[in-house]
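Undergrad: Below is the file input_28.cif, which contains mmCIF, C-alpha atoms.
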```cif
data_start
#
loop_
_atom_site.label_atom_id
_atom_site.label_comp_id
_atom_site.auth_asym_id
_atom_site.auth_seq_id
_atom_site.Cartn_x
_atom_site.Cartn_y
_atom_site.Cartn_z
CA MET A 1 -8.22 -5.55 18.46
CA PHE A 2 -4.68 -4.24 18.62
CA SER A 3 -2.62 -3.30 21.66
CA VAL A 4 -0.03 -0.67 22.50
CA GLY A 5 3.27 -1.64 20.88
CA ASP A 6 1.70 -3.56 17.98
CA ARG A 7 3.15 -2.89 14.55
CA VAL A 8 0.34 -2.24 12.08
CA VAL A 9 -0.31 -1.03 8.55
CA TYR A 10 -2.88 1.65 7.80
CA PRO A 11 -3.61 1.66 4.03
CA MET A 12 -2.61 4.86 2.20
CA HIS A 13 -0.53 5.94 5.23
CA GLY A 14 1.89 3.06 5.74
CA ALA A 15 3.15 1.11 8.71
CA GLY A 16 3.66 2.28 12.25
CA VAL A 17 3.53 1.37 15.90
CA ILE A 18 0.51 1.86 18.14
CA GLU A 19 1.77 4.21 20.84
CA SER A 20 -1.43 4.49 22.84
CA ILE A 21 -5.18 4.03 22.83
CA GLU A 22 -6.99 7.23 23.80
CA GLU A 23 -10.51 8.56 24.10
CA LYS A 24 -11.03 11.83 22.28
CA VAL A 25 -13.98 14.04 21.46
CA ILE A 26 -13.82 14.94 17.78
CA LEU A 27 -16.70 16.75 16.07
CA GLY A 28 -18.78 16.27 19.21
CA ALA A 29 -18.41 12.48 19.24
CA LYS A 30 -16.45 10.67 21.93
CA LYS A 31 -14.53 7.73 20.49
CA ARG A 32 -11.54 5.54 21.23
CA TYR A 33 -8.57 5.92 18.90
CA TYR A 34 -5.35 4.10 18.24
CA VAL A 35 -2.50 6.62 18.17
CA MET A 36 -0.10 5.25 15.55
CA LYS A 37 3.39 6.67 15.13
CA LEU A 38 4.82 6.33 11.63
CA PRO A 39 8.57 5.60 11.33
CA LEU A 40 8.92 8.08 8.47
CA GLY A 41 8.54 11.75 9.25
CA GLU A 42 7.64 11.33 12.92
CA MET A 43 3.95 11.69 12.02
CA LYS A 44 1.15 10.40 14.26
CA VAL A 45 -2.20 9.18 12.97
CA LEU A 46 -5.44 8.71 14.93
CA ILE A 47 -7.40 5.63 13.88
CA PRO A 48 -10.90 5.04 15.29
CA THR A 49 -10.94 1.66 17.03
CA ASP A 50 -14.57 0.99 16.09
CA ASN A 51 -14.00 0.68 12.34
CA ILE A 52 -10.57 -0.92 11.91
CA SER A 53 -11.94 -3.59 9.57
CA GLN A 54 -13.47 -0.97 7.25
CA VAL A 55 -10.23 1.01 7.02
CA GLY A 56 -8.16 -2.14 6.50
CA LEU A 57 -5.86 -1.86 9.51
CA ARG A 58 -3.71 -5.01 9.72
CA GLY A 59 -0.57 -6.30 11.37
CA VAL A 60 2.73 -6.06 9.50
CA ILE A 61 3.94 -9.08 7.54
CA GLU A 62 6.21 -11.68 9.07
CA LYS A 63 9.95 -11.50 8.44
CA GLU A 64 9.73 -14.69 6.35
CA GLU A 65 7.39 -12.92 3.89
CA VAL A 66 9.95 -10.27 2.96
CA SER A 67 11.50 -12.66 0.41
CA GLN A 68 8.10 -12.90 -1.33
CA VAL A 69 7.94 -9.10 -1.49
CA MET A 70 11.39 -9.10 -3.12
CA ILE A 71 10.22 -11.69 -5.66
CA VAL A 72 7.31 -9.40 -6.60
CA LEU A 73 9.69 -6.43 -6.93
CA LYS A 74 12.07 -8.43 -9.15
CA GLY A 75 9.25 -9.84 -11.28
CA ASP A 76 8.48 -8.91 -14.85
CA GLN A 77 6.17 -6.02 -15.53
CA PRO A 78 2.80 -7.25 -16.79
CA GLU A 79 1.18 -5.73 -19.85
CA LEU A 80 -0.36 -2.50 -18.57
CA SER A 81 -3.06 -0.40 -20.13
CA SER A 82 -1.77 2.32 -22.43
CA ASN A 83 -4.58 4.50 -21.06
CA TRP A 84 -2.99 6.64 -18.32
CA ASN A 85 -6.27 7.06 -16.41
CA ARG A 86 -7.06 3.34 -16.35
CA ARG A 87 -3.49 2.50 -15.27
CA TYR A 88 -3.62 5.15 -12.53
CA ARG A 89 -6.95 3.87 -11.15
CA ASN A 90 -5.71 0.27 -11.18
CA HIS A 91 -2.57 1.23 -9.24
CA LEU A 92 -4.56 3.38 -6.80
CA GLU A 93 -6.86 0.44 -5.97
CA LYS A 94 -3.82 -1.71 -5.23
CA ILE A 95 -2.37 0.92 -2.88
CA LYS A 96 -5.73 1.38 -1.13
CA SER A 97 -5.95 -2.39 -0.54
CA GLY A 98 -3.14 -2.13 2.01
CA ASP A 99 -1.75 -5.45 0.75
CA ILE A 100 2.06 -5.18 0.72
CA PHE A 101 2.34 -7.47 -2.30
CA GLU A 102 -0.01 -5.25 -4.33
CA VAL A 103 1.84 -2.14 -3.17
CA ALA A 104 5.11 -3.84 -4.23
CA GLU A 105 3.55 -4.48 -7.67
CA VAL A 106 2.74 -0.78 -8.01
CA VAL A 107 6.30 0.18 -7.02
CA ARG A 108 7.73 -2.33 -9.52
CA ASN A 109 5.40 -1.30 -12.36
CA LEU A 110 6.00 2.42 -11.90
CA MET A 111 9.76 2.10 -11.38
CA LEU A 112 10.09 0.05 -14.56
CA ARG A 113 7.81 2.39 -16.53
CA ASP A 114 9.80 5.37 -15.26
CA ARG A 115 13.01 3.83 -16.60
CA GLU A 116 11.40 2.98 -19.97
CA LYS A 117 9.18 5.96 -20.75
CA GLY A 118 9.15 8.30 -17.77
CA LEU A 119 6.16 9.05 -15.57
CA SER A 120 3.52 11.74 -15.58
CA THR A 121 3.40 14.01 -12.53
CA GLY A 122 0.48 12.02 -11.10
CA GLU A 123 2.21 8.68 -11.55
CA SER A 124 5.43 10.09 -10.13
CA LYS A 125 3.59 11.19 -6.97
CA MET A 126 1.90 7.79 -6.81
CA LEU A 127 5.29 6.07 -7.02
CA ASP A 128 6.59 8.20 -4.14
CA THR A 129 3.51 7.31 -2.04
CA ALA A 130 3.67 3.58 -2.81
CA ARG A 131 7.40 3.49 -2.19
CA GLN A 132 7.03 5.20 1.21
CA ILE A 133 4.24 2.80 2.22
CA LEU A 134 6.38 -0.17 1.21
CA ILE A 135 9.50 1.18 2.93
CA SER A 136 7.61 1.98 6.15
CA GLU A 137 6.50 -1.64 6.51
CA LEU A 138 9.89 -3.09 5.61
CA ILE A 139 11.55 -0.80 8.18
CA LEU A 140 9.40 -2.31 10.95
CA VAL A 141 9.71 -5.90 9.74
CA GLN A 142 13.45 -5.90 9.08
CA GLU A 143 14.38 -3.39 11.77
CA GLN A 144 16.55 -1.43 9.34
CA GLU A 145 16.93 2.25 8.56
CA GLN A 146 15.00 3.93 5.77
CA SER A 147 18.19 4.52 3.78
CA GLU A 148 19.11 0.82 3.90
CA ILE A 149 15.71 -0.27 2.60
CA ALA A 150 15.73 2.45 -0.09
CA THR A 151 19.17 1.28 -1.25
CA VAL A 152 17.92 -2.32 -1.55
CA LEU A 153 14.97 -1.14 -3.68
CA ASP A 154 17.19 1.03 -5.87
CA ASN A 155 19.60 -1.87 -6.42
CA ILE A 156 16.77 -4.16 -7.52
CA PHE A 157 15.73 -1.73 -10.24
CA GLU A 158 19.29 -0.89 -11.28
CA GLN A 159 19.86 -4.61 -11.92
CA ALA A 160 16.55 -4.83 -13.80
CA ALA A 161 17.70 -2.05 -16.13
CA LYS A 162 20.81 -4.03 -17.17
#
```
Could I get this file's structure written as C-alpha cells?

TA:
Amino acid sequence: MFSVGDRVVYPMHGAGVIESIEEKVILGAKKRYYVMKLPLGEMKVLIPTDNISQVGLRGVIEKEEVSQVMIVLKGDQPELSSNWNRRYRNHLEKIKSGDIFEVAEVVRNLMLRDREKGLSTGESKMLDTARQILISELILVQEQEQSEIATVLDNIFEQAAK
C-alpha cells in the first residue's frame, strides 16, 4: 500500500507522486483510488487501490540505481529482429513491464536504430513514449528538470554516434 507523497511508477504512464487517496463512484462502483500527479504535462491519473499489483504500480528506483540505468543506455545494441512487427511487440512488452531497465533498453535500441536506419512512425511514437516514461522517473529520482535529463540522454547518444 502506498501513501500520499510516495513517488511511484505506473507502467505505460510513467512516474509521479501520489497526491491523495480518494473514494469515487465510477461506472456505478465505489472504489478507492490513488490520485497520481505526473511531473510531465501536469496530468493526473486515477489508479484503483485494489489492483495495484495487477497494474504493476511500484516505487521509483533508488538514486544509487541511476548509474545502472546509464550503463544500460550506454550499452551496445543487441541483435534485433529485422521483422518490424516482432521488434515492435518485443519493445512494447518491455515498456508494459514498468521496469526502468527494460524501458531504458527500448530507448537505447530505438535511439540507435533511429541514427542508423531511421524509425517507422510507430517506432518513433514508441520511442517518444519510452523516453517520457524514463525521463519522468529520472526527474523524481534525481530531482532535476526535464530539460536537464533530456540533455543527458541526448549526450549519451551523440557520443555513441561518434

Undergrad: Hey, what's within 12 Å of region 23-33 of chain A if we count all atoms listed in the file and toss same-chain stuff fewer than 5 positions away? As a list of chain:residue names, please?

TA: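 Within the cut-off, the hits are A:Met1, A:Phe2, A:Ser3, A:Val4, A:Ile18, A:Lys44, A:Val45, A:Leu46, A:Ile47, A:Pro48, A:Thr49, A:Asp50, A:Asn51, A:Ile52.
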
Undergrad: Name the residues that the PyMOL selection byres ((chain A and resi 10-14) around 8) picks from the file above, as a short mmCIF file (atom, residue, chain, number, x, y, z; two decimals) with C-alpha atoms, keeping the file's coordinate frame, using the file's chain letters and numbers.

TA:
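New file out_7.cif:
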```cif
data_model
loop_
_atom_site.label_atom_id
_atom_site.label_comp_id
_atom_site.auth_asym_id
_atom_site.auth_seq_id
_atom_site.Cartn_x
_atom_site.Cartn_y
_atom_site.Cartn_z
CA VAL A 8 0.34 -2.24 12.08
CA VAL A 9 -0.31 -1.03 8.55
CA ALA A 15 3.15 1.11 8.71
CA GLY A 16 3.66 2.28 12.25
CA LEU A 38 4.82 6.33 11.63
CA VAL A 55 -10.23 1.01 7.02
CA GLY A 56 -8.16 -2.14 6.50
CA LEU A 57 -5.86 -1.86 9.51
CA ARG A 58 -3.71 -5.01 9.72
CA ILE A 95 -2.37 0.92 -2.88
CA LYS A 96 -5.73 1.38 -1.13
CA SER A 97 -5.95 -2.39 -0.54
CA GLY A 98 -3.14 -2.13 2.01
CA THR A 129 3.51 7.31 -2.04
CA GLN A 132 7.03 5.20 1.21
CA ILE A 133 4.24 2.80 2.22
CA LEU A 134 6.38 -0.17 1.21
CA SER A 136 7.61 1.98 6.15
CA GLU A 137 6.50 -1.64 6.51
#
```

Undergrad: Decode the PyMOL selection byres ((chain A and resi 114-123) around 10) for the given file into explicit residues and return them as a PyMOL selection string.

TA: chain A and resi 84-85+87-88+91-92+108-113+124-129+157-158+160-161

Undergrad: Assuming 3 Å of padding per side, give the centre and edge lengths of the axis-aligned box around every listed atom of region 35-48 of chain A, in Å to one decimal and as lines of an AutoDock Vina configuration file.

TA:
```
center_x = -1.0
center_y = 8.4
center_z = 13.3
size_x = 25.8
size_y = 12.7
size_z = 15.7
```

Undergrad: In Å, how far is it from CA of Ile71 (chain A) to CA of Asp99 (chain A)?

TA: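 Going from CA of Ile71 (chain A) over to CA of Asp99 (chain A), I get 14.9 Å.
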